[in-house]
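Student: The following block contains the structure, expressed as structure tokens.
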Amino acid sequence: MMDKEHIRNFCIIAHIDHGKSTLADRMLQLTGTISDREMMDQVLDSMDLEREKGVTIKASAVRMIYQAKNGESYELNLIDTPGHVDFSYEVSRALMACEGALLVVDATQGIEAQTLANLYLALDADLVIVPVINKIDLPSARVDEVAEDIHNLLGIEPEKILRISAKEGINVDQVLETVVKEIPPPKGDLDAPLQALIFDSHYDSYKGVVAYVRVMDGKVNPTDMLRMMSTNVDIRPVEIGVFSPDMRPVKELQAGDVGYIATGLKTVSECRVGDTITTIVRPAEKPLPGFRHPKPMVFAGIYPVEGEDYEDLKEALEKLQLNDASLVFEPEKSQALNFGFRCGFLGLFHMEIIQERLEREYDLDIVVTAPSVEYEVVLNSGEVIRIDSPAQLPDESQIAEIREPWMILQIITPVDYYGTVMELVKKRRGIFKEQEYPAPTRVQLTFEIPLSELIVDFFDELKSRTRGYASMDYHFADYRPGNLTKLEVLVGGEPVDALATIVHRDNAYHKGQALVSKLKELIPRQLFDVAIQASASGRIISRANVKALRKDVLAKCYGGDITRKKKLLEKQKRGKRRMKMVGNVEIPQEAFMAILRLEED
Ligand SMILES: Nc1nc2c(ncn2[C@@H]2O[C@H](COP(=O)(O)OP(=O)(O)OP(=O)(O)O)[C@@H](O)[C@H]2O)c(=O)[nH]1
């Protein structure tokens, strides 16, 4: 074991795509932690497959031994932080395990919303910040300009800021030297009771849940009986060790060290990120501050297209949950979609990741309903209930008030798009709070906005309005009462629960009309006329008809030469897979997401 003076614990924070993984790989390579051959894949990023197969490595923390220019060897522990806004709690815990952070900024993009969001989290955790300008090899790099912006932000002299190309390996050795020089060694009391912070975990089929820990105080041996202080779960470790980068068992972890404790536990929910591990014989007085259960903010129904896939879907969700304690789900029955699951996610990006993994890794055909937030409904009786699906909303006559979650939203955009961004946010019921100029040509706008407006296609519209130049970050503010009502859709006279949404009353009429005309496009012609209606507060506000297929259209379909007929049949079959029978009407998956795609003017 190294003495503490020769340990550095740090992480890399960056906006998405600014080069965090590439820089990490380059450092692993320079320190000989992995060979050039192993470099083939991005080590820190591509662990999904390994996790699936139950292989034990997931390099979200990795130990490197670095021979510095002063002739001494240092142990550098690089801790990975999740890249998405939805995981800011996890990021904040990973930061707590470090003394310093490399702040990577893309020289062609400059400071973005998540650069700032991550920087503020790192400053909150009292970390030493080492700014690094990346991608200097690109012709469009604006190195001096970005250095000036960082100078304005952090007060660091522009000429002192590292300028690198992680991809080409330019000046990456300077980054390692600076980590040793600028980031302080860990503190911590070896003789105090054990306090080990869990900053990540993964499930291993042999060793159970493996907790990634930073030992803050004390030490831990494989024979110690241990306790998770917030969940009150006791364990005898299966193994303790370090990541180098594979899991390597050690005899002891001490204050300042980063490593793992294999717990033998069967679910990650008993071993939460942010919790503190201590010993049972001599427990710490208090857990480390800041632990919380991240709450799901966005909810949606996930249904198998074919009813017989229900068990497979359940199994897939259970498997995903093994490594993701923030994914929650429970069985749900929909009149329209039959048996499925109501799932809760940290945010929209988290939801997209899960949806994609179900489809790609588990090869499931699923129907996902429009996302909803969690509402607080105050009944006339004074009772407050929480609902996360429009189907659960009680009859309007019983409701005194509906409250919805509001967020603080930060957008950074080139000043040219100021007007269009303001217009977008206003249209989504947002309230402007303040503006700052982190760089002369870029403005940072702060708003308050209902979460329900953010989850409906907001990010895509922001991107398209700003040609991809704006970036955003958001976090929860509070619950506020809103003038809200349920917008229902009836197909063939039957209300379709999976198509209902909760909307602001002022927008109900407009949204109802737009939704009906969108559905009219999406629902294919059937053998009979199908009426589509929207209703709010028990009143029909819009209707349209999908006309029946005419005989000659049918005739055309089934006439013609044999290959064409075959093709048509194939196409129909493929189309069918993504259709859901509701009553006697076939409704395609797109229809359930139609509320997200309303053309707005
Ligand atoms: N030209 C150039 N491209 C780079 C450099 N560093 C990274 N890239 C490229 O930029 C893209 C994003 O890099 P990543 O390392 O995946 O970025 P990241 O920040 O880890 O992204 P997330 O994992 O999505 O957060 C990749 O296509 C890299 O090859 C660099 O120094 N120069």
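Following the order of the structure tokens, first chain is A, next is B, and so on, with residues numbered from 1 inside each chain and ligands from 1 in the order they appear.
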Which residues come within 8 Å of region 269-276 of chain A, counting only C-alpha atoms, excluding same-chain residues fewer than 3 positions away, as a PDB file with N, CA and C atoms, in the first residue's frame?
Tutor:
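The resulting file, part.pdb, is reproduced below:
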```pdb
ATOM      1  N   GLU A  90     -25.841  10.728  -8.372  1.00  0.00           N
ATOM      2  CA  GLU A  90     -24.726   9.786  -8.468  1.00  0.00           C
ATOM      3  C   GLU A  90     -23.408  10.534  -8.706  1.00  0.00           C
ATOM      4  N   ARG A  93     -22.137  12.003  -5.488  1.00  0.00           N
ATOM      5  CA  ARG A  93     -21.523  11.007  -4.587  1.00  0.00           C
ATOM      6  C   ARG A  93     -20.134  10.629  -5.066  1.00  0.00           C
ATOM      7  N   GLN A 195     -15.514   4.616   8.155  1.00  0.00           N
ATOM      8  CA  GLN A 195     -16.563   5.268   7.354  1.00  0.00           C
ATOM      9  C   GLN A 195     -16.152   5.109   5.897  1.00  0.00           C
ATOM     10  N   ALA A 196     -16.873   4.252   5.173  1.00  0.00           N
ATOM     11  CA  ALA A 196     -16.570   4.063   3.753  1.00  0.00           C
ATOM     12  C   ALA A 196     -17.782   4.499   2.948  1.00  0.00           C
ATOM     13  N   LEU A 197     -17.554   5.414   2.005  1.00  0.00           N
ATOM     14  CA  LEU A 197     -18.645   5.953   1.180  1.00  0.00           C
ATOM     15  C   LEU A 197     -18.880   5.064  -0.038  1.00  0.00           C
ATOM     16  N   ILE A 198     -20.132   4.641  -0.234  1.00  0.00           N
ATOM     17  CA  ILE A 198     -20.466   3.892  -1.449  1.00  0.00           C
ATOM     18  C   ILE A 198     -20.764   4.896  -2.561  1.00  0.00           C
ATOM     19  N   PHE A 199     -19.953   4.876  -3.622  1.00  0.00           N
ATOM     20  CA  PHE A 199     -20.224   5.847  -4.701  1.00  0.00           C
ATOM     21  C   PHE A 199     -20.731   5.185  -5.965  1.00  0.00           C
ATOM     22  N   ASP A 200     -20.766   3.859  -5.991  1.00  0.00           N
ATOM     23  CA  ASP A 200     -21.325   3.150  -7.149  1.00  0.00           C
ATOM     24  C   ASP A 200     -21.437   1.686  -6.753  1.00  0.00           C
ATOM     25  N   SER A 201     -22.067   0.891  -7.591  1.00  0.00           N
ATOM     26  CA  SER A 201     -22.127  -0.539  -7.300  1.00  0.00           C
ATOM     27  C   SER A 201     -22.454  -1.279  -8.586  1.00  0.00           C
ATOM     28  N   VAL A 209     -23.730  -8.027  -4.792  1.00  0.00           N
ATOM     29  CA  VAL A 209     -23.534  -6.617  -5.105  1.00  0.00           C
ATOM     30  C   VAL A 209     -22.133  -6.188  -4.674  1.00  0.00           C
ATOM     31  N   ALA A 211     -19.871  -3.158  -3.864  1.00  0.00           N
ATOM     32  CA  ALA A 211     -19.950  -1.731  -3.558  1.00  0.00           C
ATOM     33  C   ALA A 211     -18.608  -1.096  -3.867  1.00  0.00           C
ATOM     34  N   MET A 228     -24.369  -1.359   6.597  1.00  0.00           N
ATOM     35  CA  MET A 228     -24.736  -0.201   5.770  1.00  0.00           C
ATOM     36  C   MET A 228     -25.579   0.692   6.676  1.00  0.00           C
ATOM     37  N   MET A 229     -25.125   1.904   6.920  1.00  0.00           N
ATOM     38  CA  MET A 229     -25.735   2.696   7.985  1.00  0.00           C
ATOM     39  C   MET A 229     -27.149   3.179   7.674  1.00  0.00           C
ATOM     40  N   SER A 230     -27.482   3.450   6.418  1.00  0.00           N
ATOM     41  CA  SER A 230     -28.830   3.965   6.133  1.00  0.00           C
ATOM     42  C   SER A 230     -29.856   2.868   5.936  1.00  0.00           C
ATOM     43  N   THR A 231     -29.444   1.767   5.338  1.00  0.00           N
ATOM     44  CA  THR A 231     -30.419   0.694   5.116  1.00  0.00           C
ATOM     45  C   THR A 231     -30.397  -0.304   6.268  1.00  0.00           C
ATOM     46  N   VAL A 233     -28.439  -2.764   6.856  1.00  0.00           N
ATOM     47  CA  VAL A 233     -28.210  -4.139   6.424  1.00  0.00           C
ATOM     48  C   VAL A 233     -26.807  -4.543   6.862  1.00  0.00           C
ATOM     49  N   LEU A 265     -24.679  -9.370  -1.213  1.00  0.00           N
ATOM     50  CA  LEU A 265     -26.108  -9.021  -1.249  1.00  0.00           C
ATOM     51  C   LEU A 265     -26.695  -9.316  -2.623  1.00  0.00           C
ATOM     52  N   PRO A 287     -23.504   8.475   9.842  1.00  0.00           N
ATOM     53  CA  PRO A 287     -23.117   8.240   8.451  1.00  0.00           C
ATOM     54  C   PRO A 287     -22.586   9.522   7.827  1.00  0.00           C
ATOM     55  N   LEU A 288     -21.916   9.412   6.703  1.00  0.00           N
ATOM     56  CA  LEU A 288     -21.448  10.585   5.967  1.00  0.00           C
ATOM     57  C   LEU A 288     -22.665  11.374   5.487  1.00  0.00           C
ATOM     58  N   GLY A 290     -25.388  13.657   3.314  1.00  0.00           N
ATOM     59  CA  GLY A 290     -25.836  13.794   1.928  1.00  0.00           C
ATOM     60  C   GLY A 290     -26.524  12.591   1.338  1.00  0.00           C
ATOM     61  N   PHE A 291     -26.703  11.511   2.151  1.00  0.00           N
ATOM     62  CA  PHE A 291     -27.367  10.346   1.573  1.00  0.00           C
ATOM     63  C   PHE A 291     -28.828  10.637   1.278  1.00  0.00           C
ATOM     64  N   ARG A 292     -29.293  10.231   0.118  1.00  0.00           N
ATOM     65  CA  ARG A 292     -30.733  10.240  -0.104  1.00  0.00           C
ATOM     66  C   ARG A 292     -31.128   9.169  -1.112  1.00  0.00           C
ATOM     67  N   HIS A 293     -32.389   8.839  -1.086  1.00  0.00           N
ATOM     68  CA  HIS A 293     -32.933   7.916  -2.074  1.00  0.00           C
ATOM     69  C   HIS A 293     -33.328   8.735  -3.289  1.00  0.00           C
ATOM     70  N   ALA A 325     -30.566   0.768  -9.144  1.00  0.00           N
ATOM     71  CA  ALA A 325     -31.523   0.861  -8.047  1.00  0.00           C
ATOM     72  C   ALA A 325     -32.543   1.970  -8.277  1.00  0.00           C
TER      73      ALA A 325
END
```
Student: Please identify all polymer residues within 12 Å of region 378-381 of chain A, counting only C-alpha atoms, omitting same-chain residues fewer than 2 positions from it, and present them as a list of chain:residue names.
Tutor: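 Neighbouring residues, sequence-local ones excluded: A:Tyr375, A:Glu376, A:Glu383, A:Val384, A:Ile385, A:Arg386, A:Ile387, A:Leu393, A:Pro394, A:Asp395, A:Glu396, A:Ser397, A:Gln398, A:Ile399, A:Ala400, A:Glu401, A:Ile402, A:Arg403, A:Glu404, A:Arg480, A:Pro481, A:Gly482.
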Student: Can I get the residues close to ligand 1 as a count of residues only, where close means within 12 Å and we count only C-alpha atoms and all ligand atoms?
Tutor: 60
Student: Which of these residues is nearest to Lys547 (chain A), using only C-alpha atoms: A:Gly468, A:Val368, A:Lys520, A:Ala534?
Tutor: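 Closest to Lys547 (chain A), using only C-alpha atoms: A:Lys520.
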Student: I want to know what sits within 12 Å of Glu311 (chain A), based on only C-alpha atoms, with residues of the same chain fewer than 5 positions away left out; could you give that as a PyMOL selection string?
Tutor: chain A and resi 303-304+306+316-318+331+339-341+364
Student: Please report as a tab-separated table every residue of region 102-205 of chain A lying within 10 Å of region 405-413 of chain A, along with the nearest atom pair and their distance in Å (one decimal), using only C-alpha atoms.
Tutor:
```
residue	atom	partner	partner_atom	distance
A:Ile111	CA	A:Ile412	CA	8.6
A:Glu112	CA	A:Ile412	CA	6.3
A:Ala113	CA	A:Ile412	CA	5.6
A:Gln114	CA	A:Ile412	CA	9.4
A:Leu116	CA	A:Ile412	CA	9.6
A:Ala117	CA	A:Gln410	CA	8.9
```
Student: Please compute the CA of Asn323 (chain A)-CA of Leu226 (chain A) distance, one decimal, in Å.
Tutor: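 Going from CA of Asn323 (chain A) over to CA of Leu226 (chain A) covers 21.4 Å.
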Student: Skipping near chain neighbours, those fewer than 2 positions away, what residues fall within 12 Å of Asn70 (chain A) using only C-alpha atoms, listed as a ChimeraX atom specification?
Tutor: /A:66-68,72-74,177,180-181
Student: Dump C-alpha atoms for the selected residues as a PDB file, in the first residue's frame?
Tutor:
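Result went into part_11.pdb, see below:
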```
ATOM      1  CA  TYR A  66       2.186   6.793 -12.248  1.00  0.00           C
ATOM      2  CA  GLN A  67       5.901   7.439 -12.256  1.00  0.00           C
ATOM      3  CA  ALA A  68       6.086  11.228 -11.900  1.00  0.00           C
ATOM      4  CA  GLU A  72       8.411   9.081  -7.280  1.00  0.00           C
ATOM      5  CA  SER A  73       5.506   6.702  -7.867  1.00  0.00           C
ATOM      6  CA  TYR A  74       1.949   7.771  -7.242  1.00  0.00           C
ATOM      7  CA  GLU A 177       1.809  15.689 -13.758  1.00  0.00           C
ATOM      8  CA  VAL A 180       0.052  14.928  -8.867  1.00  0.00           C
ATOM      9  CA  LYS A 181       1.060  18.564  -8.291  1.00  0.00           C
TER      10      LYS A 181
END
```
Student: Env of Gln335 (chain A): 8 Å cut, atoms = only C-alpha atoms, seq-sep filter 3 positions within chain, self excluded. Answer as a VMD selection string.
Tutor: chain A and resid 338 496 to 498
Student: Convert the current residue selection to file output with N, CA and C atoms, as a compact mmCIF listing (two decimals), in the first residue's frame.
Tutor:
```txt
# COMPACT_ATOMS: atom_id res chain seq x y z
N ASN A 338 -53.61 -4.18 -21.89
CA ASN A 338 -53.54 -5.37 -21.05
C ASN A 338 -52.47 -5.30 -19.99
N VAL A 496 -59.65 5.31 -24.29
CA VAL A 496 -58.44 4.49 -24.29
C VAL A 496 -57.53 5.04 -23.19
N ASP A 497 -57.46 4.28 -22.07
CA ASP A 497 -56.75 4.82 -20.90
C ASP A 497 -55.30 5.18 -21.22
N ALA A 498 -54.65 4.39 -22.07
CA ALA A 498 -53.23 4.61 -22.35
C ALA A 498 -52.99 5.86 -23.18
```
Student: Give the alpha helix (DSSP H) residues of region 199-330 of chain A, as DSSP finds them on the backbone, and put them as a list of chain:residue names.
Tutor: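 In region 199-330 of chain A, DSSP puts these residues in alpha helix (DSSP H): A:Tyr310, A:Glu311, A:Asp312, A:Leu313, A:Lys314, A:Glu315, A:Ala316, A:Leu317, A:Glu318, A:Lys319, A:Leu320, A:Gln321, A:Leu322.
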Student: State, in Å with one decimal place, the distance from CA of Arg227 (chain A) to CA of Asp3 (chain A).
Tutor: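 About the pair CA of Arg227 (chain A) and CA of Asp3 (chain A): they are 26.7 Å apart.
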Student: Would you mind writing down, as a list in words, each residue of region 235-287 of chain A that DSSP on the backbone assigns to strand (DSSP E or B)?
Tutor: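 Secondary structure check on region 235-287 of chain A, strand (DSSP E or B): Ile235, Glu239, Ile240, Gly241, Val242, Phe243, Met247, Arg248, Pro249, Leu253, Gln254, Val258, Gly259, Tyr260, Ile261, Ala262, Thr276, Ile277, Thr278 and Thr279 of chain A.
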Student: Name the residues in contact with Lys160 (chain A) at a cut-off of 12 Å, using only C-alpha atoms, excluding same-chain residues fewer than 6 positions from it; report them as a VMD selection string.
Tutor: chain A and resid 130 to 133 144 147 to 148 150 to 151 154 174 to 175 178
Student: Measuring between only C-alpha atoms, which one of A:Thr446, A:Asn584, A:Ser35, A:Gln392 shows the shortest distance to Ala336 (chain A)?
Tutor: A:Asn584
Student: Within 9 Å of region 63-65 of chain A, counting only C-alpha atoms, which residues qualify if same-chain residues fewer than 4 places away don't, as a PDB file with C-alpha atoms, in the first residue's frame?
Tutor:
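Contents of around_5.pdb, as written:
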```
ATOM      1  CA  MET A  27      -4.238   8.049 -19.129  1.00  0.00           C
ATOM      2  CA  LEU A  28      -4.725   4.313 -18.603  1.00  0.00           C
ATOM      3  CA  THR A  31       0.467   4.650 -17.114  1.00  0.00           C
ATOM      4  CA  GLY A  32       0.601   1.142 -18.570  1.00  0.00           C
ATOM      5  CA  THR A  33      -2.545   0.209 -16.652  1.00  0.00           C
ATOM      6  CA  SER A  73       5.506   6.702  -7.867  1.00  0.00           C
ATOM      7  CA  TYR A  74       1.949   7.771  -7.242  1.00  0.00           C
ATOM      8  CA  GLU A  75      -1.283   5.852  -6.975  1.00  0.00           C
ATOM      9  CA  LEU A  76      -3.910   7.661  -9.037  1.00  0.00           C
ATOM     10  CA  ASN A  77      -7.504   6.614  -8.518  1.00  0.00           C
ATOM     11  CA  LEU A  78      -9.696   7.781 -11.360  1.00  0.00           C
ATOM     12  CA  ILE A  79     -13.386   7.680 -10.525  1.00  0.00           C
ATOM     13  CA  VAL A 242      -9.013  -2.616  -5.722  1.00  0.00           C
ATOM     14  CA  PHE A 243      -9.579  -2.032  -9.418  1.00  0.00           C
ATOM     15  CA  SER A 244      -6.357  -2.301 -11.348  1.00  0.00           C
ATOM     16  CA  PRO A 245      -8.402  -2.263 -13.594  1.00  0.00           C
ATOM     17  CA  VAL A 258     -10.553   3.698  -3.244  1.00  0.00           C
ATOM     18  CA  GLY A 259     -11.613   0.098  -3.823  1.00  0.00           C
TER      19      GLY A 259
END
```
Student: Could you list, with a cut-off of 7 Å and counting only C-alpha atoms, the residues of region 145-242 of chain A near region 251-255 of chain A, each shown with its nearest atom pair and the distance in Å rounded to one decimal, rows sorted by chain and ascending number, as a Markdown table?
Tutor:
```
| residue | atom | partner | partner_atom | distance |
| --- | --- | --- | --- | --- |
| A:Gly188 | CA | A:Ala255 | CA | 5.3 |
| A:Asp189 | CA | A:Ala255 | CA | 6.4 |
| A:Leu190 | CA | A:Ala255 | CA | 5.6 |
| A:Val215 | CA | A:Ala255 | CA | 4.8 |
| A:Met216 | CA | A:Ala255 | CA | 5.0 |
| A:Asp217 | CA | A:Ala255 | CA | 4.6 |
| A:Gly218 | CA | A:Ala255 | CA | 5.3 |
| A:Lys219 | CA | A:Gln254 | CA | 4.2 |
| A:Val220 | CA | A:Leu253 | CA | 5.4 |
| A:Asn221 | CA | A:Glu252 | CA | 4.8 |
| A:Pro222 | CA | A:Lys251 | CA | 6.6 |
```
